[in-house]
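Peer 1: So here's start.cif, just mmCIF, C-alpha atoms:
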```cif
data_protein
loop_
_atom_site.group_PDB
_atom_site.id
_atom_site.type_symbol
_atom_site.label_atom_id
_atom_site.label_comp_id
_atom_site.auth_asym_id
_atom_site.auth_seq_id
_atom_site.Cartn_x
_atom_site.Cartn_y
_atom_site.Cartn_z
ATOM 1 C CA MET A 1 0.000 0.000 0.000
ATOM 2 C CA TYR A 2 1.274 3.488 -0.833
ATOM 3 C CA SER A 3 0.521 5.324 2.389
ATOM 4 C CA GLY A 4 2.350 7.585 4.756
ATOM 5 C CA GLU A 5 2.128 7.558 8.539
ATOM 6 C CA ASN A 6 -0.775 10.011 8.729
ATOM 7 C CA ASP A 7 -2.791 8.543 5.892
ATOM 8 C CA LYS A 8 -6.041 6.767 6.504
ATOM 9 C CA PRO A 9 -6.132 3.475 4.616
ATOM 10 C CA GLU A 10 -8.590 2.653 1.918
ATOM 11 C CA LEU A 11 -11.254 0.283 3.226
ATOM 12 C CA ILE A 12 -13.249 -2.384 1.454
ATOM 13 C CA ILE A 13 -16.427 -3.191 3.363
ATOM 14 C CA GLY A 14 -18.433 -6.190 2.257
ATOM 15 C CA LEU A 15 -22.064 -6.479 3.261
ATOM 16 C CA VAL A 16 -23.658 -9.874 3.551
ATOM 17 C CA GLY A 17 -27.218 -10.786 4.387
ATOM 18 C CA GLN A 18 -30.110 -12.886 3.270
ATOM 19 C CA ALA A 19 -32.487 -11.567 0.629
ATOM 20 C CA GLY A 20 -34.775 -8.994 2.191
ATOM 21 C CA VAL A 21 -32.346 -7.794 4.846
ATOM 22 C CA ARG A 22 -32.265 -4.029 4.505
ATOM 23 C CA LEU A 23 -28.578 -3.657 3.705
ATOM 24 C CA ARG A 24 -29.158 -0.233 2.130
ATOM 25 C CA ASP A 25 -30.003 1.005 5.617
ATOM 26 C CA VAL A 26 -26.803 -0.596 6.923
ATOM 27 C CA SER A 27 -24.850 1.170 4.159
ATOM 28 C CA LYS A 28 -26.286 4.555 5.128
ATOM 29 C CA VAL A 29 -25.293 4.097 8.771
ATOM 30 C CA VAL A 30 -21.792 2.909 7.830
ATOM 31 C CA ILE A 31 -21.305 5.937 5.561
ATOM 32 C CA GLU A 32 -22.390 8.305 8.337
ATOM 33 C CA TYR A 33 -19.909 6.756 10.772
ATOM 34 C CA LEU A 34 -17.125 6.815 8.197
ATOM 35 C CA LYS A 35 -17.723 10.552 7.663
ATOM 36 C CA ARG A 36 -17.120 11.127 11.377
ATOM 37 C CA PHE A 37 -13.619 9.721 10.869
ATOM 38 C CA GLY A 38 -12.871 11.813 7.794
ATOM 39 C CA TYR A 39 -13.683 9.139 5.226
ATOM 40 C CA THR A 40 -15.555 9.346 1.964
ATOM 41 C CA ALA A 41 -17.402 6.284 0.758
ATOM 42 C CA GLU A 42 -19.231 4.908 -2.211
ATOM 43 C CA ILE A 43 -21.460 1.919 -2.663
ATOM 44 C CA ILE A 44 -20.887 -0.701 -5.325
ATOM 45 C CA ARG A 45 -24.054 -2.708 -5.893
ATOM 46 C CA VAL A 46 -22.745 -6.074 -6.999
ATOM 47 C CA SER A 47 -26.029 -6.980 -8.725
ATOM 48 C CA GLU A 48 -25.675 -3.905 -10.974
ATOM 49 C CA LEU A 49 -22.290 -5.175 -12.169
ATOM 50 C CA PHE A 50 -24.031 -8.143 -13.804
ATOM 51 C CA GLU A 51 -25.197 -5.753 -16.518
ATOM 52 C CA ASN A 52 -21.644 -6.090 -17.917
ATOM 53 C CA TYR A 53 -21.920 -9.894 -18.083
ATOM 54 C CA HIS A 54 -22.622 -11.218 -21.584
ATOM 55 C CA GLY A 55 -25.353 -13.484 -20.169
ATOM 56 C CA PHE A 56 -27.310 -10.512 -18.831
ATOM 57 C CA ASP A 57 -30.421 -9.634 -20.831
ATOM 58 C CA LYS A 58 -31.898 -6.328 -19.674
ATOM 59 C CA SER A 59 -35.152 -7.073 -21.500
ATOM 60 C CA LYS A 60 -35.826 -9.931 -19.041
ATOM 61 C CA ILE A 61 -35.963 -7.602 -16.035
ATOM 62 C CA GLY A 62 -39.237 -5.819 -16.679
ATOM 63 C CA ASP A 63 -40.661 -3.162 -14.392
ATOM 64 C CA GLU A 64 -41.265 -5.271 -11.305
ATOM 65 C CA GLU A 65 -38.601 -5.139 -8.572
ATOM 66 C CA GLY A 66 -39.293 -8.678 -7.404
ATOM 67 C CA LYS A 67 -38.745 -10.067 -10.890
ATOM 68 C CA ARG A 68 -35.561 -8.014 -11.215
ATOM 69 C CA ILE A 69 -34.232 -9.575 -8.006
ATOM 70 C CA LEU A 70 -35.113 -13.118 -9.143
ATOM 71 C CA TYR A 71 -33.439 -12.509 -12.483
ATOM 72 C CA CYS A 72 -30.286 -11.168 -10.822
ATOM 73 C CA GLN A 73 -30.201 -14.245 -8.577
ATOM 74 C CA ASP A 74 -30.272 -16.446 -11.694
ATOM 75 C CA VAL A 75 -27.620 -14.360 -13.451
ATOM 76 C CA ALA A 76 -25.327 -14.507 -10.405
ATOM 77 C CA LEU A 77 -25.624 -18.288 -10.321
ATOM 78 C CA ASP A 78 -24.946 -18.539 -14.067
ATOM 79 C CA PHE A 79 -21.953 -16.198 -13.706
ATOM 80 C CA ARG A 80 -20.467 -18.340 -10.920
ATOM 81 C CA ARG A 81 -21.057 -21.510 -12.929
ATOM 82 C CA GLU A 82 -19.570 -20.098 -16.124
ATOM 83 C CA LEU A 83 -16.394 -18.989 -14.361
ATOM 84 C CA LYS A 84 -16.438 -22.140 -12.201
ATOM 85 C CA ASP A 85 -15.806 -19.950 -9.178
ATOM 86 C CA GLY A 86 -18.082 -18.934 -6.327
ATOM 87 C CA ALA A 87 -16.060 -15.712 -6.097
ATOM 88 C CA ALA A 88 -17.002 -14.553 -9.612
ATOM 89 C CA PRO A 89 -19.171 -11.604 -8.444
ATOM 90 C CA ALA A 90 -16.339 -10.463 -6.170
ATOM 91 C CA LEU A 91 -14.010 -10.477 -9.189
ATOM 92 C CA ALA A 92 -16.449 -8.108 -10.896
ATOM 93 C CA ALA A 93 -16.437 -5.897 -7.779
ATOM 94 C CA ILE A 94 -12.631 -5.844 -7.694
ATOM 95 C CA THR A 95 -12.602 -4.791 -11.345
ATOM 96 C CA GLU A 96 -15.072 -2.011 -10.530
ATOM 97 C CA ILE A 97 -12.917 -0.796 -7.628
ATOM 98 C CA ARG A 98 -9.893 -0.647 -9.926
ATOM 99 C CA LYS A 99 -11.924 1.233 -12.546
ATOM 100 C CA ARG A 100 -13.088 3.776 -9.974
ATOM 101 C CA ARG A 101 -9.567 4.211 -8.594
ATOM 102 C CA ALA A 102 -8.272 4.916 -12.094
ATOM 103 C CA ALA A 103 -10.976 7.566 -12.586
ATOM 104 C CA VAL A 104 -9.745 9.731 -9.682
ATOM 105 C CA ALA A 105 -6.841 12.156 -9.671
ATOM 106 C CA SER A 106 -4.106 9.561 -9.115
ATOM 107 C CA GLY A 107 -5.273 7.725 -12.216
ATOM 108 C CA SER A 108 -3.803 4.431 -11.068
ATOM 109 C CA PRO A 109 -5.986 1.368 -10.490
ATOM 110 C CA ASP A 110 -3.229 0.003 -8.241
ATOM 111 C CA ARG A 111 -3.094 3.000 -5.891
ATOM 112 C CA PRO A 112 -5.484 2.706 -2.935
ATOM 113 C CA ARG A 113 -7.324 5.910 -2.138
ATOM 114 C CA ASN A 114 -6.609 7.692 1.111
ATOM 115 C CA ALA A 115 -9.518 7.890 3.591
ATOM 116 C CA HIS A 116 -11.967 6.261 1.205
ATOM 117 C CA ALA A 117 -14.189 3.197 1.555
ATOM 118 C CA TYR A 118 -15.860 1.018 -1.027
ATOM 119 C CA ILE A 119 -18.976 -0.677 0.285
ATOM 120 C CA LEU A 120 -19.813 -3.873 -1.594
ATOM 121 C CA ASP A 121 -23.551 -4.497 -1.448
ATOM 122 C CA GLN A 122 -23.907 -7.458 -1.364
ATOM 123 C CA LEU A 123 -21.809 -10.589 -1.112
ATOM 124 C CA LYS A 124 -23.449 -13.994 -1.196
ATOM 125 C CA HIS A 125 -20.819 -16.728 -1.368
ATOM 126 C CA PRO A 126 -18.030 -17.694 1.066
ATOM 127 C CA ARG A 127 -15.515 -17.734 -1.814
ATOM 128 C CA GLU A 128 -16.210 -14.020 -2.395
ATOM 129 C CA VAL A 129 -15.184 -13.265 1.177
ATOM 130 C CA GLU A 130 -12.090 -15.486 0.942
ATOM 131 C CA LEU A 131 -10.939 -13.740 -2.236
ATOM 132 C CA LEU A 132 -11.495 -10.236 -0.859
ATOM 133 C CA ARG A 133 -9.586 -11.107 2.331
ATOM 134 C CA GLN A 134 -6.760 -12.571 0.242
ATOM 135 C CA ILE A 135 -6.470 -9.463 -1.942
ATOM 136 C CA TYR A 136 -7.183 -6.651 0.534
ATOM 137 C CA GLY A 137 -6.022 -8.207 3.806
ATOM 138 C CA SER A 138 -6.808 -6.128 6.876
ATOM 139 C CA ALA A 139 -8.333 -3.386 4.702
ATOM 140 C CA PHE A 140 -11.295 -5.705 4.081
ATOM 141 C CA MET A 141 -14.114 -5.861 6.602
ATOM 142 C CA LEU A 142 -17.256 -7.940 6.493
ATOM 143 C CA LEU A 143 -20.528 -6.756 8.013
ATOM 144 C CA ALA A 144 -23.531 -9.017 8.251
ATOM 145 C CA GLY A 145 -27.156 -8.037 8.494
ATOM 146 C CA HIS A 146 -29.918 -10.286 9.757
ATOM 147 C CA ALA A 147 -33.694 -10.189 9.983
ATOM 148 C CA PRO A 148 -36.299 -12.874 10.671
ATOM 149 C CA GLU A 149 -37.794 -14.449 7.559
ATOM 150 C CA THR A 150 -41.198 -12.808 8.065
ATOM 151 C CA ASN A 151 -39.550 -9.370 8.179
ATOM 152 C CA ARG A 152 -37.502 -10.135 5.072
ATOM 153 C CA ILE A 153 -40.573 -11.239 3.129
ATOM 154 C CA ARG A 154 -42.462 -8.143 4.277
ATOM 155 C CA SER A 155 -39.541 -5.916 3.272
ATOM 156 C CA LEU A 156 -39.259 -7.519 -0.177
ATOM 157 C CA ALA A 157 -43.022 -7.342 -0.746
ATOM 158 C CA ARG A 158 -42.943 -3.629 0.165
ATOM 159 C CA ARG A 159 -40.042 -3.037 -2.240
ATOM 160 C CA GLY A 160 -41.771 -4.986 -4.985
ATOM 161 C CA ALA A 161 -45.194 -3.393 -4.731
ATOM 162 C CA PRO A 162 -45.545 -0.255 -6.859
ATOM 163 C CA ASP A 163 -47.562 1.241 -4.018
ATOM 164 C CA GLY A 164 -46.356 0.360 -0.510
ATOM 165 C CA ASN A 165 -49.982 -0.134 0.544
ATOM 166 C CA LYS A 166 -50.287 -3.084 -1.833
ATOM 167 C CA SER A 167 -47.376 -4.915 -0.206
ATOM 168 C CA SER A 168 -49.776 -7.324 1.504
ATOM 169 C CA ASP A 169 -51.131 -8.330 -1.920
ATOM 170 C CA ALA A 170 -50.740 -12.117 -2.337
ATOM 171 C CA HIS A 171 -48.781 -11.640 -5.585
ATOM 172 C CA TYR A 172 -46.051 -9.533 -3.954
ATOM 173 C CA VAL A 173 -45.885 -11.649 -0.814
ATOM 174 C CA GLY A 174 -45.628 -14.796 -2.968
ATOM 175 C CA LEU A 175 -42.889 -13.273 -5.108
ATOM 176 C CA ALA A 176 -41.018 -12.167 -1.970
ATOM 177 C CA GLY A 177 -41.289 -15.685 -0.545
ATOM 178 C CA GLU A 178 -39.886 -17.101 -3.783
ATOM 179 C CA ILE A 179 -36.927 -14.691 -3.635
ATOM 180 C CA VAL A 180 -36.184 -15.749 -0.045
ATOM 181 C CA GLN A 181 -36.413 -19.438 -1.003
ATOM 182 C CA VAL A 182 -34.102 -19.056 -4.023
ATOM 183 C CA ASP A 183 -31.629 -17.124 -1.869
ATOM 184 C CA GLU A 184 -31.553 -19.869 0.759
ATOM 185 C CA ASN A 185 -30.952 -22.544 -1.890
ATOM 186 C CA GLN A 186 -28.059 -20.775 -3.610
#
```
For the file at hand, write its structure as structure tokens.
Peer 2:
Amino acid sequence: MYSGENDKPELIIGLVGQAGVRLRDVSKVVIEYLKRFGYTAEIIRVSELFENYHGFDKSKIGDEEGKRILYCQDVALDFRRELKDGAAPALAAITEIRKRRAAVASGSPDRPRNAHAYILDQLKHPREVELLRQIYGSAFMLLAGHAPETNRIRSLARRGAPDGNKSSDAHYVGLAGEIVQVDENQ
């Protein structure tokens, strides 16, 4: 790492949690605490990186959030299988970190940023964590979120319903339950 004694190291913070855990809320709290220590931070949504994968078909997403989540779950599984590596999404996140580093003043993808954190939302496979620890060492931290299954289903149904008041609609609750089930089986 290229840092002096007074520099604050770049941090890589991985978030892990079951489908429906409100990791966006966790991210907001982490960012607020990092600011108190003079850090800047940015979130990298791992599921958004799949748009760069040749197997990603944007036309299959549609307008419904629940269907988007199910599709991204399938794409993530396909991506891992194609690369024959459970850490495949983490490789995409590492590439994104390097791209973002290169875009700042230093211009080098190899130069960690001072007092900056990348929050990876969200990791799903133990191999992703192993790889990130191997590459970033003590600069990598893992935070886990948890919520009971009923809360996760309720949260997903609320996110999926175009109007939060319709989140108790059987369609959205059923779709949320399917997302939770797929997540547990992957």
Peer 1: For Gly177 of chain A, which residue out of A:Arg98, A:Ala19, A:Glu82, A:Ser106 is the nearest one, using only C-alpha atoms?
Peer 2: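 Looking only at the distances to Gly177 of chain A, the closest residue turns out to be A:Ala19.
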Peer 1: Nearest to Leu132 of chain A among A:Arg80, A:Ser108, A:Lys8, A:Leu120, with distances taken over all atoms listed in the file: which residue is it?
Peer 2: A:Leu120
Peer 1: I need the residue nearest Ile13 of chain A from this list: A:Ala90, A:Leu142, A:Thr95, A:Glu32. Use all atoms listed in the file for the distance.
Peer 2: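 Answer, going by the shortest atom-to-atom distance: A:Leu142.
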Peer 1: For a cutoff of 6 Å around the file-coordinate point (-40.4, -8.5, -7.0), which residues qualify once you count all atoms listed in the file? I'd like the result as a ChimeraX atom specification.
Peer 2: /A:64-67,160,175
Peer 1: Tell me which residues come within 12 Å of (-29.7, -0.8, 7.1), as a list in words, counting all atoms listed in the file in the file's coordinates.
Peer 2: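 Within 12 Å of (-29.7, -0.8, 7.1), the protein and nucleic acid residues are Leu15, Val16, Gly17, Gly20, Val21, Arg22, Leu23, Arg24, Asp25, Val26, Ser27, Lys28, Val29, Val30, Ile31, Glu32, Asp121, Leu143, Ala144, Gly145, His146, Ala147 and Ser155 of chain A.
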Peer 1: Between atom CA of Pro162 of chain A and atom CA of Ile69 of chain A, what is the distance, to one decimal in Å?
Peer 2: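 Pair atom CA of Pro162 of chain A / atom CA of Ile69 of chain A returns 14.7 Å.
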Peer 1: So, with all atoms listed in the file as the atoms that count, which of A:Ile119, A:Glu130, A:Ser138, A:Gly62 lies closest to Ala93 of chain A?
Peer 2: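 Of A:Ile119, A:Glu130, A:Ser138, A:Gly62, the one nearest Ala93 of chain A, counting all atoms listed in the file, is A:Ile119.
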Peer 1: Residues at most 10 Å from Arg154 of chain A, counting only C-alpha atoms, excluding those fewer than 2 positions away in the same chain, as a list in words?
Peer 2: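 These residues fall inside the cut-off: Gly20, Glu149, Thr150, Asn151, Arg152, Leu156, Ala157, Arg158, Arg159, Gly160, Ser167, Ser168, Tyr172, Val173, Ala176 and Gly177 of chain A.
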Peer 1: Could you work out how far atom CA of Gly14 of chain A lies from atom CA of Leu123 of chain A, giving the answer in Å with one decimal?
Peer 2: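 Interatomic distance, atom CA of Leu123 of chain A to atom CA of Gly14 of chain A: 6.5 Å.
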Peer 1: Which centre and which edge lengths, in Å to one decimal, describe the axis-aligned box that holds all listed atoms of segment 131-134 of chain A after 8 Å is added on each side, as JSON?
Peer 2:
```
{"center_x": -9.1, "center_y": -12.0, "center_z": 0.0, "size_x": 20.7, "size_y": 19.5, "size_z": 20.6}
```
Peer 1: Quick one: which residues end up in the PyMOL selection byres ((chain A and resi 46) around 12) for this structure, as number ranges by chain?
Peer 2: A: 14-16, 43-45, 47-53, 72-73, 75-76, 87-97, 118-124, 128
Peer 1: Have a look at A:Ile135, A:Ile12, A:Leu77, A:Ala102 and name the one nearest to Ala115 of chain A; count all atoms listed in the file.
Peer 2: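 Among A:Ile135, A:Ile12, A:Leu77, A:Ala102, it is A:Ile12 that comes nearest to Ala115 of chain A.
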Peer 1: Measuring between only C-alpha atoms, which one of A:Arg101, A:Gln18, A:Lys60, A:Glu10 shows the shortest distance to Ile179 of chain A?
Peer 2: A:Gln18
Peer 1: Just the number, please: distance in Å from atom CA of His125 of chain A to atom CA of Leu83 of chain A, one decimal.
Peer 2: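 Separation between atom CA of His125 of chain A and atom CA of Leu83 of chain A: 13.9 Å.
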Peer 1: Since I can't run it myself right now, could you work out what the PyMOL selection byres ((chain A and resi 38) around 9) selects here and report it as JSON, numbers by chain?
Peer 2: {"A": [8, 34, 35, 36, 37, 39, 40, 115, 116]}
